[in-house]
Amino acid sequence: MTLLEKNIEKIPSPCYVMEEALLRRNLELIRSVAQRAEVEIILAFKAFALWKSFPIFREYIGHTTASSLCEARLAKEEFGSKAHTYSPAYTEEEFEEILACSSHITFNSLSQYERFAPKVKGMASVGLRVNPEYSEIETELYNPCAAGSRFGVLARDLPSTLPMDVEGFHVHCHCESGSDVFARTLVHIEEKFSGWFPQLKWINFGGGHLMTRKDYDVELLIKTLQDFHRRYPHLKVILEPGSAFAWQTGPLVAKVVDIVENSGVKTAIINASFTCHMPDCLEMPYKPAIRGAETLEEDDLETARATPHTYRIGGNSCLSGDFMGLWQFDHELQIGERLIFEDMIHYTTVKTNMFNGIGHPSIGMLHEDGTFELFRRYTYEDYRDRMC
């Protein structure tokens, strides 16, 4: 029995539960990679922003990356250091405040650079996002280098001599990718942009480096980065993964509140929602693992009817498509039974919504000694105050 299962009665339902031991495991690996490869690895808030856990992060890393005013303020005010900030488009109304919270400012286009760079005046290191027009991301929704992408300056559009205040390039081409993908992508990045490297001080290879996944080849990543250092020893290298920090660090715990049957298909309705609380499952789409259940590849009525103890899982919003399936259990599910949806901390916690007024899951941390710290319990007032 796991530490979570031993202490599950302490945990409200529904609740996102971050496990301290699993978080520290990831942080130790990330720190090791940074030290061995002589790079800086920083946390991307777009994937994880549970700020009450930041004291633990500060034991291992020093900086974060932001893509908005709110994230930049979170970096300065809650993490305790200025952000490496990139936005697809800064606005006049927010730029000065973003700048005050940022150590690095990266511009998505030359027009944004021309408009806002004069305001930086040495307050932050200036970078440009560049687009190598190559990515191995198969899901177009997550591909920043697709044809016609709005992200980054193409090599053919860069001047041969960069403006004097441009100190870095930011390149983002990955999504939960392996180090072999990074090695292949790096070839394209160098072919397109190495001519400008002598003019730079740093290069940020973005996120999507899923180095904490079990099958990730960490040694290949380190070797690839070390080889890059040998070719360009003057460049500081930065990586800014999000998922890697929070990968497999905790589940969403929910409970069965009803079981309905239609046309021979059983649906277990839970006190949480895919569209509200697990939106990537529907967007990507992918089926999350449920602890103690087998995820069935087939998702048809015939399988649902013919396989014992098989259920769709339905969310408790009134969106018709707020369900997924099929999972096979080793028993008949009971009303009140808890289900543990694995790996629901990265991205999920930052993309939730309150559609339909559905109650937002609580958020907390299960510490290594078995104590549960409730970070936040959401109330009606949280819903009400977002609507006015």
# chains A, B, ... in the order shown; residues from 1 in each chain; ligands from 1

$ select_by_dssp --residues "segment 132-184 of chain A" --states "strand (DSSP E or B)" --output "MDAnalysis selection string"
chainID A and resid 153:154 166:170 177

$ residues_around --residues "Lys287 of chain A" --least-positions-apart "5" --cutoff "9 Å" --atoms "only C-alpha atoms" --output "list of chain:residue names"
A:Cys281, A:Leu282, A:Thr295, A:Met324, A:Gly325, A:Leu326

$ residues_around --residues "Ile358 of chain A" --least-positions-apart "2" --cutoff "9 Å" --atoms "only C-alpha atoms" --output "ChimeraX atom specification"
/A:271-273,276,316-317,353-356,360,383

$ write_last_selection --atoms "N, CA, C and O atoms" --output "PDB file, in the first residue's frame"
ATOM      1  N   ASN A 271     -17.476  13.042  -8.681  1.00  0.00           N
ATOM      2  CA  ASN A 271     -17.680  14.408  -8.200  1.00  0.00           C
ATOM      3  C   ASN A 271     -16.588  15.345  -8.710  1.00  0.00           C
ATOM      4  O   ASN A 271     -16.137  16.259  -8.015  1.00  0.00           O
ATOM      5  N   ALA A 272     -16.165  15.099  -9.923  1.00  0.00           N
ATOM      6  CA  ALA A 272     -15.200  15.949 -10.628  1.00  0.00           C
ATOM      7  C   ALA A 272     -15.569  15.915 -12.101  1.00  0.00           C
ATOM      8  O   ALA A 272     -16.538  15.243 -12.482  1.00  0.00           O
ATOM      9  N   SER A 273     -14.809  16.622 -12.923  1.00  0.00           N
ATOM     10  CA  SER A 273     -15.203  16.781 -14.321  1.00  0.00           C
ATOM     11  C   SER A 273     -13.967  16.743 -15.214  1.00  0.00           C
ATOM     12  O   SER A 273     -12.943  17.348 -14.890  1.00  0.00           O
ATOM     13  N   CYS A 276     -13.759  20.345 -16.786  1.00  0.00           N
ATOM     14  CA  CYS A 276     -13.383  21.377 -15.816  1.00  0.00           C
ATOM     15  C   CYS A 276     -12.033  21.112 -15.163  1.00  0.00           C
ATOM     16  O   CYS A 276     -11.252  22.048 -14.944  1.00  0.00           O
ATOM     17  N   ASN A 316     -19.252  15.471 -13.735  1.00  0.00           N
ATOM     18  CA  ASN A 316     -20.523  15.949 -13.182  1.00  0.00           C
ATOM     19  C   ASN A 316     -20.924  17.323 -13.710  1.00  0.00           C
ATOM     20  O   ASN A 316     -21.698  18.041 -13.083  1.00  0.00           O
ATOM     21  N   SER A 317     -20.406  17.693 -14.895  1.00  0.00           N
ATOM     22  CA  SER A 317     -20.929  18.883 -15.568  1.00  0.00           C
ATOM     23  C   SER A 317     -22.019  18.446 -16.546  1.00  0.00           C
ATOM     24  O   SER A 317     -22.185  17.251 -16.811  1.00  0.00           O
ATOM     25  N   ASN A 353     -11.150  25.086 -14.830  1.00  0.00           N
ATOM     26  CA  ASN A 353     -12.127  26.164 -14.931  1.00  0.00           C
ATOM     27  C   ASN A 353     -13.329  25.831 -14.063  1.00  0.00           C
ATOM     28  O   ASN A 353     -13.412  24.740 -13.480  1.00  0.00           O
ATOM     29  N   MET A 354     -14.231  26.766 -13.949  1.00  0.00           N
ATOM     30  CA  MET A 354     -15.422  26.583 -13.111  1.00  0.00           C
ATOM     31  C   MET A 354     -16.687  26.567 -13.946  1.00  0.00           C
ATOM     32  O   MET A 354     -17.748  27.001 -13.498  1.00  0.00           O
ATOM     33  N   PHE A 355     -16.582  26.055 -15.175  1.00  0.00           N
ATOM     34  CA  PHE A 355     -17.757  25.895 -16.024  1.00  0.00           C
ATOM     35  C   PHE A 355     -18.866  25.195 -15.255  1.00  0.00           C
ATOM     36  O   PHE A 355     -18.634  24.236 -14.524  1.00  0.00           O
ATOM     37  N   ASN A 356     -20.079  25.686 -15.443  1.00  0.00           N
ATOM     38  CA  ASN A 356     -21.259  25.069 -14.822  1.00  0.00           C
ATOM     39  C   ASN A 356     -21.314  25.291 -13.316  1.00  0.00           C
ATOM     40  O   ASN A 356     -22.170  24.739 -12.626  1.00  0.00           O
ATOM     41  N   HIS A 360     -14.539  23.410  -7.598  1.00  0.00           N
ATOM     42  CA  HIS A 360     -13.152  23.130  -7.941  1.00  0.00           C
ATOM     43  C   HIS A 360     -12.553  22.184  -6.887  1.00  0.00           C
ATOM     44  O   HIS A 360     -12.779  22.352  -5.689  1.00  0.00           O
ATOM     45  N   TYR A 383     -16.224  30.978  -7.100  1.00  0.00           N
ATOM     46  CA  TYR A 383     -17.000  30.994  -8.347  1.00  0.00           C
ATOM     47  C   TYR A 383     -17.668  32.353  -8.553  1.00  0.00           C
ATOM     48  O   TYR A 383     -17.567  32.957  -9.613  1.00  0.00           O
TER      49      TYR A 383
END

$ residues_around --residues "Pro14 of chain A" --least-positions-apart "2" --cutoff "9 Å" --atoms "only C-alpha atoms" --output "list of chain:residue names"
A:Ile11, A:Pro12, A:Tyr16, A:Leu252, A:Val253, A:Ala254, A:Lys255, A:Ile270, A:Asn271, A:Ala272, A:Gly359, A:His360, A:Pro361, A:Ser362, A:Ile363

$ residues_around --residues "Ser68 of chain A" --least-positions-apart "2" --cutoff "8 Å" --atoms "only C-alpha atoms" --output "ChimeraX atom specification"
/A:66,70-72,85-87,98

$ write_last_selection --atoms "N, CA, C and O atoms" --output "short mmCIF file (atom, residue, chain, number, x, y, z; two decimals), in the first residue's frame"
data_model
loop_
_atom_site.label_atom_id
_atom_site.label_comp_id
_atom_site.auth_asym_id
_atom_site.auth_seq_id
_atom_site.Cartn_x
_atom_site.Cartn_y
_atom_site.Cartn_z
N ALA A 66 7.96 32.97 -17.16
CA ALA A 66 6.60 33.51 -17.18
C ALA A 66 6.19 33.90 -18.58
O ALA A 66 7.04 34.22 -19.42
N CYS A 70 0.61 38.14 -14.73
CA CYS A 70 0.32 37.39 -13.49
C CYS A 70 1.43 36.40 -13.16
O CYS A 70 1.85 36.29 -12.01
N GLU A 71 1.92 35.70 -14.19
CA GLU A 71 3.01 34.75 -13.94
C GLU A 71 4.29 35.48 -13.54
O GLU A 71 5.04 35.01 -12.67
N ALA A 72 4.57 36.63 -14.16
CA ALA A 72 5.77 37.38 -13.80
C ALA A 72 5.70 37.88 -12.36
O ALA A 72 6.70 37.83 -11.62
N THR A 85 10.93 36.07 -18.93
CA THR A 85 9.59 36.29 -19.45
C THR A 85 9.57 36.29 -20.98
O THR A 85 10.41 36.92 -21.63
N TYR A 86 8.61 35.56 -21.51
CA TYR A 86 8.31 35.59 -22.94
C TYR A 86 6.80 35.68 -23.09
O TYR A 86 6.05 34.98 -22.40
N SER A 87 6.34 36.52 -24.00
CA SER A 87 4.92 36.60 -24.32
C SER A 87 4.75 36.69 -25.83
O SER A 87 5.55 37.37 -26.50
N ILE A 98 5.44 44.22 -16.16
CA ILE A 98 6.11 42.96 -16.49
C ILE A 98 7.63 43.13 -16.41
O ILE A 98 8.34 42.29 -15.84
#

$ closest_residue --among "A:Phe323, A:Phe45, A:Tyr380, A:Phe107" --to "Gly207 of chain A" --atoms "only C-alpha atoms"
A:Phe45

$ decode --residues "segment 112-179 of chain A" --atoms "C-alpha atoms" --output "tab-separated table (two decimals), in the first residue's frame"
chain	number	residue	atom	x	y	z
A	112	GLN	CA	7.35	43.74	-30.78
A	113	TYR	CA	11.09	44.23	-30.27
A	114	GLU	CA	11.04	47.60	-32.07
A	115	ARG	CA	8.03	48.74	-30.09
A	116	PHE	CA	9.09	47.73	-26.58
A	117	ALA	CA	12.87	47.21	-26.47
A	118	PRO	CA	13.59	50.95	-26.00
A	119	LYS	CA	11.68	50.76	-22.70
A	120	VAL	CA	13.97	48.02	-21.35
A	121	LYS	CA	17.03	50.31	-21.11
A	122	GLY	CA	19.26	47.69	-19.48
A	123	MET	CA	16.68	46.61	-16.89
A	124	ALA	CA	16.59	43.07	-18.29
A	125	SER	CA	18.45	40.89	-20.76
A	126	VAL	CA	16.74	41.08	-24.16
A	127	GLY	CA	16.05	38.03	-26.32
A	128	LEU	CA	14.24	37.09	-29.51
A	129	ARG	CA	12.16	33.98	-30.00
A	130	VAL	CA	13.20	32.24	-33.21
A	131	ASN	CA	11.42	29.51	-35.16
A	132	PRO	CA	13.52	26.74	-36.77
A	133	GLU	CA	10.49	25.54	-38.77
A	134	TYR	CA	11.09	22.01	-37.49
A	135	SER	CA	9.35	20.03	-34.78
A	136	GLU	CA	8.46	16.39	-34.23
A	137	ILE	CA	5.29	17.17	-32.25
A	138	GLU	CA	2.50	15.19	-33.87
A	139	THR	CA	-0.49	16.92	-32.25
A	140	GLU	CA	-0.94	20.21	-34.13
A	141	LEU	CA	-2.63	21.85	-31.13
A	142	TYR	CA	0.76	21.76	-29.36
A	143	ASN	CA	3.11	22.33	-32.31
A	144	PRO	CA	4.73	25.79	-32.16
A	145	CYS	CA	6.67	25.25	-35.38
A	146	ALA	CA	3.80	24.28	-37.68
A	147	ALA	CA	3.55	26.06	-41.02
A	148	GLY	CA	2.05	29.50	-40.48
A	149	SER	CA	2.80	29.47	-36.74
A	150	ARG	CA	2.52	32.80	-34.94
A	151	PHE	CA	5.55	31.95	-32.78
A	152	GLY	CA	9.05	33.27	-33.39
A	153	VAL	CA	11.12	34.99	-36.05
A	154	LEU	CA	12.19	32.93	-39.07
A	155	ALA	CA	15.87	32.82	-39.98
A	156	ARG	CA	15.25	34.50	-43.33
A	157	ASP	CA	13.68	37.48	-41.56
A	158	LEU	CA	16.55	38.18	-39.15
A	159	PRO	CA	19.08	40.90	-39.99
A	160	SER	CA	22.62	39.61	-40.44
A	161	THR	CA	23.73	41.78	-37.54
A	162	LEU	CA	21.44	41.72	-34.52
A	163	PRO	CA	20.60	44.89	-32.60
A	164	MET	CA	23.25	45.54	-29.94
A	165	ASP	CA	20.88	44.91	-27.03
A	166	VAL	CA	19.75	41.44	-28.19
A	167	GLU	CA	21.62	38.98	-25.98
A	168	GLY	CA	19.75	35.73	-26.46
A	169	PHE	CA	17.60	33.43	-28.58
A	170	HIS	CA	14.62	31.49	-27.30
A	171	VAL	CA	13.67	28.32	-29.21
A	172	HIS	CA	10.73	26.09	-28.29
A	173	CYS	CA	10.07	22.96	-30.36
A	174	HIS	CA	9.09	20.19	-27.92
A	175	CYS	CA	6.13	18.75	-26.03
A	176	GLU	CA	6.85	15.94	-23.55
A	177	SER	CA	9.61	14.87	-25.94
A	178	GLY	CA	12.60	12.56	-25.56
A	179	SER	CA	16.25	13.56	-25.66
